[in-house]
>>> print(open('start00.csv').read())   # CSV, C-alpha atoms
chain,number,residue,atom,x,y,z
A,958,MET,CA,-11.0,-14.9,-8.7
A,959,ASN,CA,-10.3,-18.2,-7.0
A,960,ARG,CA,-12.7,-20.1,-4.8
A,961,LEU,CA,-10.8,-19.3,-1.6
A,962,ILE,CA,-11.0,-15.6,-2.1
A,963,LEU,CA,-14.7,-15.9,-2.9
A,964,ILE,CA,-15.3,-17.8,0.3
A,965,ALA,CA,-13.4,-15.1,2.3
A,966,LEU,CA,-15.3,-12.3,0.6
A,967,LEU,CA,-18.6,-14.1,1.3
A,968,PHE,CA,-17.6,-14.3,5.0
A,969,LEU,CA,-16.7,-10.6,5.1
A,970,VAL,CA,-19.7,-9.1,3.4
A,971,GLY,CA,-22.3,-11.5,4.6
A,972,CYS,CA,-23.7,-14.9,3.6
A,973,SER,CA,-26.5,-13.4,1.5
A,974,ALA,CA,-24.1,-12.0,-1.1
A,975,SER,CA,-23.9,-14.0,-4.4
A,976,PRO,CA,-20.7,-14.6,-6.3
A,977,ALA,CA,-21.8,-12.0,-8.8
A,978,ASP,CA,-22.4,-9.4,-6.0
A,979,LEU,CA,-18.9,-10.2,-4.6
A,980,ALA,CA,-17.3,-9.7,-8.1
A,981,ARG,CA,-19.1,-6.4,-8.5
A,982,LEU,CA,-17.9,-5.3,-5.1
A,983,GLU,CA,-14.3,-6.2,-5.9
A,984,ALA,CA,-14.6,-4.3,-9.3
A,985,ARG,CA,-15.8,-1.2,-7.3
A,986,LYS,CA,-12.7,-1.5,-5.0
A,987,ARG,CA,-10.4,-1.8,-8.0
A,988,LEU,CA,-11.9,1.5,-9.4
A,989,GLU,CA,-11.2,3.2,-6.1
A,990,ASP,CA,-7.7,1.7,-5.8
A,991,GLU,CA,-6.1,3.7,-8.5
A,992,THR,CA,-7.4,7.0,-7.1
A,993,ILE,CA,-6.4,6.5,-3.5
A,994,ILE,CA,-3.0,4.9,-4.3
A,995,ALA,CA,-2.2,7.9,-6.5
A,996,LEU,CA,-3.2,10.3,-3.7
A,997,VAL,CA,-1.2,8.4,-1.1
A,998,LEU,CA,2.0,8.0,-3.2
A,999,ASP,CA,1.9,11.7,-4.2
A,1000,ASP,CA,1.7,12.6,-0.6
A,1001,PHE,CA,4.5,10.2,0.4
A,1002,ALA,CA,6.8,11.5,-2.4
A,1003,SER,CA,6.4,15.1,-1.0
A,1004,ARG,CA,7.2,14.1,2.6
A,1005,GLN,CA,10.4,14.0,4.6
A,1006,LEU,CA,11.2,10.3,5.2
A,1007,GLU,CA,11.9,9.1,8.7
A,1008,SER,CA,15.5,8.7,9.8
A,1009,GLY,CA,16.8,5.3,9.0
A,1010,VAL,CA,15.8,5.6,5.3
A,1011,ILE,CA,19.0,6.0,3.3
A,1012,THR,CA,18.1,8.2,0.4
A,1013,THR,CA,18.5,11.6,-1.1
A,1014,PRO,CA,16.0,13.9,0.7
A,1015,ASP,CA,15.6,16.4,-2.2
A,1016,GLN,CA,14.4,13.8,-4.7
A,1017,ASN,CA,10.7,13.8,-5.3
A,1018,SER,CA,9.7,10.7,-7.2
A,1019,LEU,CA,9.0,7.1,-6.3
A,1020,VAL,CA,9.7,3.7,-7.9
A,1021,LEU,CA,6.7,1.4,-7.4
A,1022,ALA,CA,7.1,-2.3,-7.7
A,1023,SER,CA,4.9,-3.5,-10.6
A,1024,ARG,CA,3.5,-6.3,-8.5
A,1025,THR,CA,1.8,-6.0,-5.1
A,1026,ASN,CA,3.0,-7.6,-1.9
A,1027,SER,CA,1.2,-10.7,-0.8
A,1028,LYS,CA,-0.1,-11.6,2.7
A,1029,SER,CA,2.6,-11.3,5.4
A,1030,GLY,CA,3.0,-10.5,9.0
A,1031,PHE,CA,3.3,-6.8,8.1
A,1032,ILE,CA,-0.5,-6.7,7.5
A,1033,SER,CA,-1.5,-8.7,10.6
A,1034,VAL,CA,-3.9,-7.4,13.2
A,1035,ASP,CA,-1.2,-7.7,15.8
A,1036,GLN,CA,1.4,-5.8,13.8
A,1037,ILE,CA,-0.8,-2.9,12.8
A,1038,SER,CA,-2.4,-2.6,16.3
A,1039,ALA,CA,1.0,-2.5,17.9
A,1040,GLU,CA,2.1,0.3,15.6
A,1041,TYR,CA,-1.0,2.3,16.5
A,1042,ARG,CA,-1.0,1.5,20.2
A,1043,ASN,CA,0.1,5.1,21.2
A,1044,GLU,CA,-1.6,7.0,18.4
A,1045,SER,CA,-4.8,9.0,18.7
A,1046,THR,CA,-6.1,7.3,15.6
A,1047,SER,CA,-6.9,3.5,15.5
A,1048,VAL,CA,-7.4,1.1,12.6
A,1049,SER,CA,-10.7,-0.8,12.5
A,1050,ALA,CA,-10.7,-4.5,12.4
A,1051,GLU,CA,-12.9,-4.3,9.3
A,1052,LEU,CA,-10.2,-2.4,7.4
A,1053,ILE,CA,-7.5,-4.8,8.4
A,1054,ALA,CA,-9.6,-7.8,7.5
A,1055,ASP,CA,-10.3,-6.5,4.0
A,1056,LEU,CA,-6.6,-5.6,3.6
A,1057,GLN,CA,-5.6,-9.2,4.4
A,1058,GLN,CA,-8.3,-10.7,2.3
A,1059,ARG,CA,-7.4,-8.7,-0.8
A,1060,ASN,CA,-3.7,-9.5,-0.5
A,1061,GLN,CA,-3.7,-13.3,-0.4
A,1062,THR,CA,-1.5,-13.2,-3.5
A,1063,GLY,CA,0.3,-10.5,-5.3
A,1064,VAL,CA,-1.3,-8.8,-8.4
A,1065,ALA,CA,0.2,-7.0,-11.3
A,1066,LEU,CA,-0.2,-3.2,-11.3
A,1067,GLU,CA,0.5,-2.6,-15.0
A,1068,GLY,CA,-2.1,-0.6,-16.8
A,1069,ASN,CA,-2.7,1.7,-13.8
A,1070,HIS,CA,-1.6,5.3,-13.6
A,1071,PHE,CA,-0.5,6.5,-10.1
A,1072,GLY,CA,0.4,10.1,-10.9
A,1073,THR,CA,3.4,11.9,-12.3
A,1074,ARG,CA,5.8,11.2,-9.4
A,1075,THR,CA,5.5,7.4,-9.5
A,1076,ARG,CA,7.1,5.0,-12.0
A,1077,LEU,CA,6.2,1.3,-12.1
A,1078,GLU,CA,9.2,-1.0,-12.2
A,1079,ASP,CA,9.9,-4.7,-12.0
A,1080,LEU,CA,12.2,-4.7,-9.0
A,1081,SER,CA,13.4,-8.2,-9.7
A,1082,ARG,CA,15.5,-6.6,-12.4
A,1083,PHE,CA,17.8,-5.2,-9.6
A,1084,PRO,CA,19.2,-8.2,-7.8
A,1085,GLY,CA,21.6,-7.8,-5.0
A,1086,LYS,CA,22.8,-9.2,-1.7
A,1087,GLY,CA,20.6,-6.7,0.3
A,1088,ASP,CA,18.4,-3.6,0.2
A,1089,PHE,CA,21.3,-1.3,-0.6
A,1090,ASP,CA,22.5,-3.3,-3.6
A,1091,THR,CA,19.0,-3.2,-4.9
A,1092,TRP,CA,18.7,0.5,-4.3
A,1093,ASP,CA,22.0,1.1,-6.1
A,1094,GLY,CA,20.6,-0.4,-9.3
A,1095,ILE,CA,17.3,1.4,-8.9
A,1096,SER,CA,18.8,4.8,-8.3
A,1097,LYS,CA,21.2,4.5,-11.3
A,1098,GLU,CA,18.2,3.9,-13.6
A,1099,HIS,CA,15.9,6.4,-11.7
A,1100,PRO,CA,18.2,9.1,-10.4
A,1101,ASP,CA,15.3,11.4,-9.3
A,1102,ALA,CA,13.8,8.6,-7.1
A,1103,LYS,CA,13.5,9.3,-3.4
A,1104,ALA,CA,12.6,5.7,-2.5
A,1105,TYR,CA,11.1,2.4,-3.8
A,1106,VAL,CA,7.7,1.3,-2.7
A,1107,MET,CA,6.0,-2.1,-2.6
A,1108,LEU,CA,2.2,-1.9,-2.0
A,1109,TRP,CA,-0.4,-4.1,-0.6
A,1110,LEU,CA,-3.8,-3.5,-2.2
A,1111,PRO,CA,-5.9,-1.2,-0.1
A,1112,GLY,CA,-8.5,-2.4,2.5
A,1113,TYR,CA,-12.0,-0.9,2.6
A,1114,ASP,CA,-14.9,-0.8,5.0
A,1115,SER,CA,-18.2,-2.2,3.8
A,1116,SER,CA,-19.5,1.2,2.6
A,1117,LEU,CA,-16.3,1.9,0.6
A,1118,SER,CA,-16.0,5.2,2.5
A,1119,ARG,CA,-13.0,4.4,4.6
A,1120,ALA,CA,-9.7,2.8,3.5
A,1121,ILE,CA,-6.3,1.8,4.6
A,1122,VAL,CA,-3.3,1.9,2.3
A,1123,ARG,CA,-0.1,0.2,3.5
A,1124,PHE,CA,3.2,-0.3,1.8
A,1125,SER,CA,6.8,-1.2,2.5
A,1126,PHE,CA,9.5,1.1,1.3
A,1127,GLY,CA,13.3,1.5,1.2
A,1128,PRO,CA,16.2,1.5,1.2
A,1129,THR,CA,16.5,0.8,4.9
A,1130,ALA,CA,18.9,-1.3,7.0
A,1131,HIS,CA,16.0,-3.6,8.0
A,1132,SER,CA,12.5,-2.8,6.9
A,1133,ALA,CA,10.0,0.1,6.8
A,1134,THR,CA,6.3,0.5,6.2
A,1135,ALA,CA,3.9,3.5,5.7
A,1136,THR,CA,0.3,3.4,6.6
A,1137,TYR,CA,-2.4,5.8,5.4
A,1138,LEU,CA,-6.0,6.0,6.6
A,1139,LEU,CA,-8.4,7.7,4.3
A,1140,VAL,CA,-12.1,8.8,4.2
A,1141,LYS,CA,-14.4,9.5,1.3
A,1142,GLN,CA,-16.7,12.4,1.6
A,1143,ASN,CA,-18.7,14.1,-1.2
A,1144,SER,CA,-17.1,11.6,-3.7
A,1145,LEU,CA,-13.6,12.8,-2.7
A,1146,TRP,CA,-10.9,10.8,-0.9
A,1147,THR,CA,-8.9,12.7,1.7
A,1148,ILE,CA,-6.0,11.5,4.0
A,1149,LEU,CA,-6.9,11.3,7.6
A,1150,SER,CA,-3.5,10.2,8.9
A,1151,GLN,CA,-0.2,8.8,7.8
A,1152,LYS,CA,2.4,6.9,9.8
A,1153,GLN,CA,5.9,5.7,8.9
A,1154,THR,CA,7.4,2.8,10.9
A,1155,ILE,CA,11.1,2.0,10.7
A,1156,TYR,CA,11.9,-1.5,12.1
A,1157,LEU,CA,15.2,-1.9,14.0
>>> encode(input="start00.csv", output="structure tokens")
Amino acid sequence: MNRLILIALLFLVGCSASPADLARLEARKRLEDETIIALVLDDFASRQLESGVITTPDQNSLVLASRTNSKSGFISVDQISAEYRNESTSVSAELIADLQQRNQTGVALEGNHFGTRTRLEDLSRFPGKGDFDTWDGISKEHPDAKAYVMLWLPGYDSSLSRAIVRFSFGPTAHSATATYLLVKQNSLWTILSQKQTIYL
């Protein structure tokens, strides 16, 4: 873990935390990651996708990019707050801050298992002039795929009892994201809400 991430973690969890405490906290988050990502992707694979996603609706598997997204405007406070402006559920600043902190750079997902409906894939193997060229290559190799997904690592609250999972997905004419809010009760994660946003 580089020095910048350690400084950001120190700021988020309090100045009294030692580097060893911060490393242990990140290790606990990584243990939770696989569980909640698998839960979310299994749910997403079973859902009807919003209009604007050009795919075959009866397919029920996903192709997951083998490397996570890095920090971008899609995980900014302004972007997420705007998407939830008219929703009954809001996203806490603490969740967004941890989401941003954990996604300063992309990380490899190899070695993780995200359920039977999700296959890891290096999406750079499918070059093209746009989203649909990329999807053409992916769908030929994975004919049962409903969509491809590019994750950001989840963000957590300080008690590791609430989480946000956000990812981009396609193919779409422009871009699309899905956001899941989760809660952990009695050692089990459950989905509180999910939202798909198609950008025009």
>>> closest_residue(input="start00.csv", among="A:Leu988, A:Leu1110, A:Arg1119, A:Tyr1105", to="Asp1093 in chain A", atoms="all atoms listed in the file")
A:Tyr1105
>>> closest_residue(input="start00.csv", among="A:Lys1097, A:Ala1002, A:Ala1039, A:Gly1112", to="Phe1071 in chain A", atoms="all atoms listed in the file")
A:Ala1002
>>> residues_around(input="start00.csv", residues="Leu1138 in chain A", least_positions_apart="6", cutoff="9 Å", atoms="only C-alpha atoms", output="list in words")
Val1048, Arg1119, Ala1120, Ile1121, Val1122, Arg1123, Thr1147, Ile1148, Leu1149, Ser1150 and Gln1151 of chain A
>>> atom_distance(input="start00.csv", atom1="CA of Thr992 in chain A", atom2="CA of Gln1036 in chain A")
26.0 Å
>>> closest_residue(input="start00.csv", among="A:Asn1143, A:Gln1005, A:Ser1033, A:Ser1023", to="Asn1069 in chain A", atoms="only C-alpha atoms")
A:Ser1023
>>> atom_distance(input="start00.csv", atom1="CA of Pro1111 in chain A", atom2="CA of Asp1088 in chain A")
24.4 Å
>>> residues_near_point(input="start00.csv", point="(-0.2, -15.9, 8.0)", cutoff="12 Å", atoms="only C-alpha atoms", output="MDAnalysis selection string")
chainID A and resid 1027:1036 1057:1058 1060:1062
>>> atom_distance(input="start00.csv", atom1="CA of Gly1085 in chain A", atom2="CA of Ala1135 in chain A")
23.6 Å
>>> closest_residue(input="start00.csv", among="A:Ile994, A:Lys986, A:Leu1006, A:Thr1025", to="Gln1153 in chain A", atoms="all atoms listed in the file")
A:Leu1006
>>> closest_residue(input="start00.csv", among="A:Lys1152, A:Pro976, A:Ala1133, A:Asp999", to="Tyr1041 in chain A", atoms="all atoms listed in the file")
A:Lys1152
>>> residues_around(input="start00.csv", residues="Gly1072 in chain A", least_positions_apart="6", cutoff="12 Å", atoms="only C-alpha atoms", output="PyMOL selection string")
chain A and resi 991-1000+1002+1018-1021
>>> residues_near_point(input="start00.csv", point="(18.0, -3.6, 10.8)", cutoff="10 Å", atoms="all atoms listed in the file", output="MDAnalysis selection string")
chainID A and resid 1009 1129:1133 1155:1157
>>> axis_aligned_box(input="start00.csv", around="range 1121-1140 of chain A", padding_each_side="5 Å", output="lines of an AutoDock Vina configuration file")
center_x = 3.4
center_y = 2.6
center_z = 4.6
size_x = 41.0
size_y = 22.4
size_z = 16.8
>>> closest_residue(input="start00.csv", among="A:Arg1059, A:His1099, A:Arg1004, A:Arg987", to="Asn1026 in chain A", atoms="only C-alpha atoms")
A:Arg1059
